[in-house]
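Taking it in order: structure first as structure tokens, then the write-up.
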Amino acid sequence: MKFLVFFLLLSFSHLSFAADPEKGYDYLVNGGYIGCGIPIDVLKRVEPFLNAVPQSLSGWFNPLFQAPLFKKSEIPGRTGTNANLSHEFNAFVTRRGNEVANFNCLSCHSQRIGNQVIVGLGNSLRDFTYDIRFLLAEIRPFYRTSKEREEGAFFERSLSAISPYIQMHTVGVNPAINLTFALMAHRVPETLAWSDSFLMDPPSKEVPPVHVPPWWRMRKRKTMFYSGEIAGEHRRIMMLASSLCADSVDQVEEMDEAFKDVESYIHSLPPPPYPHSVDSALASRGKGLFLKNCASCHGTYGPNGVYSEKLIPIEIVKTDPALMIQETSKDHDRFIDWGRRSIYYTQETTFHPNQGYIAPALDGIWATAPYLHNGSVPNLEGVLNSSVRPKYWKRSFDSQDYDTIQLGWKYQSVSLWDVFDFLPFEKRFVYDTTLAGYSNQGHDFGDTLSQDERLSVIEYLKLL
Ligand code: HEC
Ligand code: HEC
């Protein structure tokens, strides 16, 4: 009997420790979960041309790839070809036996601030304003062998199909949800077989802008996404990133074990500590004000902190409703239905459209500018004082231009006349809060604070 109990305990402890965050990180930064990509040899031929373009123009010429592509990886744990490849790409061998590279999770879920690459931070520097089909055409002349062309065709097929549905008005905001929906419209949910023509209506081309949230929030969450619409099982939803190339169910099943590790890595990731000194007297005054004005929604922090993932109705938070409306509209149902019929949902996945946004845990908030779910406010001062939020603003998109004092991106307000005068190329760098989905309205909870009080709250936020 004693032995039985011992073995039972052993097997349970084995179960609970089965997922390994270290293995999860290794898979995230080296694994082949995207399934197809551009052959490495083709990229090596493209690279010298990228390097020849001045840095200031490389975004114009070729916004997808910021040269240099092949360089010593700036994050730890990269092996093989990945050790000398930009951390936003993973190199791996496909099912067809070709070594390729493609964007990895970190292309959206990591970003540099100053000289430090922060894994898990939402990338607010990536450019989704162009039509990727032009880029594909630019790369085409660099293919040499039929094997390369055959491999590259998978990547081209998916990217060309989704390109019209993932074009944003401004650099830095992300179309990931539309990207996933556009892929769903080309696949049979039960088998994942690809169809060049649409199998259901594609999503709207007007994409609600999303600022990618940081992964370290997941430690405190039971649901996923800004409105908390996904509850229960998260792993398979994360695996939707494979839908770019996975043409069969077994291809997804193969990744399931590895994604248990990925999930445990994401759930164990701590926020990055504030890298400068903090005025502790000012911060402790700020703490009092935070407890009075903010904690009822955002929770409390420190060893006995309590965070309850509160959903705040849209009538109260009053931030831009477009994302929430997309998620709750009838037009969304066909994608949810697709999910339910596919391997990407399990029995435990539940979907609840919600009429509001979750008040996020504010851990590591110093690093996550621009703020609000659509990234419409450049710094924390603006979050806490709605009257100073710029209507049209521009930033350099240089990771060195992060203001670790005000907390947020250094920016320049521009006038409507400037916006008219800008060439289309320059306009992409302007955040225009008058566009549908891009509004900086709402969250006026800091407006009643005095300027001194606001500064002390900001000082306290540096400690979270
Ligand atoms: C094209 C960009 C992109 C890629 C690639 C991407 N994500 Fe995301 N991810 C997003 C966006 C945007 C959101 C927020 C969506 C929302 O809340 O509506 C998100 C949300 C998440 C969340 C939930 C965070 C939260 O606070 O709710 C997790 C976890 C996550 N992604 C994991 C992954 C993993 C793991 C991969 C790779 C397998 C991946 N993502 C690839 C853009 C991306
Ligand atoms: C009534 C609930 C509520 C109160 C009170 C409140 N907030 Fe919020 N807060 C929210 C919600 C909901 C969001 C998400 C809004 C969105 O993204 O559209 C948010 C977003 C934020 C963000 C941006 C997070 C990000 O990553 O973009 C910050 C910073 C913030 N709040 C700080 C504060 C501070 C400081 C206070 C107190 C002065 C405060 N909030 C008071 C509900 C609240």
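Residues in the structure tokens are named by chain (A, B, ... in the order shown) and by number from 1 within that chain; ligands are numbered from 1 in the order shown.
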
At a cut-off of 9 Å, using only C-alpha atoms, what residues contact A:Arg340? Leave out same-chain residues fewer than 5 positions from it and give the result as a ChimeraX atom specification.
/A:189,335,345-347,349

Surroundings of ligand 1 up to 9 Å, based on only C-alpha atoms and all ligand atoms, as a VMD selection string
chain A and resid 28 33 to 34 103 to 109 120 122 to 123 173 to 177 179 to 180 209 to 218 221 223 to 230 234 to 235 237 to 242 259 262 to 263 266 to 267 323 to 324 327 360 373

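Comparing A:Thr350, A:Ser86, A:Ser376, A:Asn293 by their smallest distance to ligand 2, the closest is A:Asn293 (using only C-alpha atoms and all ligand atoms).
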
I want to know what sits within 12 Å of A:Asp331, based on only C-alpha atoms, with residues of the same chain fewer than 2 positions away left out; could you give that as a list in words?
Phe181, Met200, Asp201, Pro202, Pro203, Ser204, Ile325, Gln326, Glu327, Thr328, Ser329, Asp333, Arg334, Phe335, Ile336 and Asp337 of chain A

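In this structure, atom CA of A:Lys23 sits 9.3 Å away from atom CA of A:Ser264.
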
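Ranking A:Lys71, A:Lys394, A:His169, A:His298 by their shortest atom-to-atom distance to ligand 2, with only C-alpha atoms and all ligand atoms included, puts A:His298 first.
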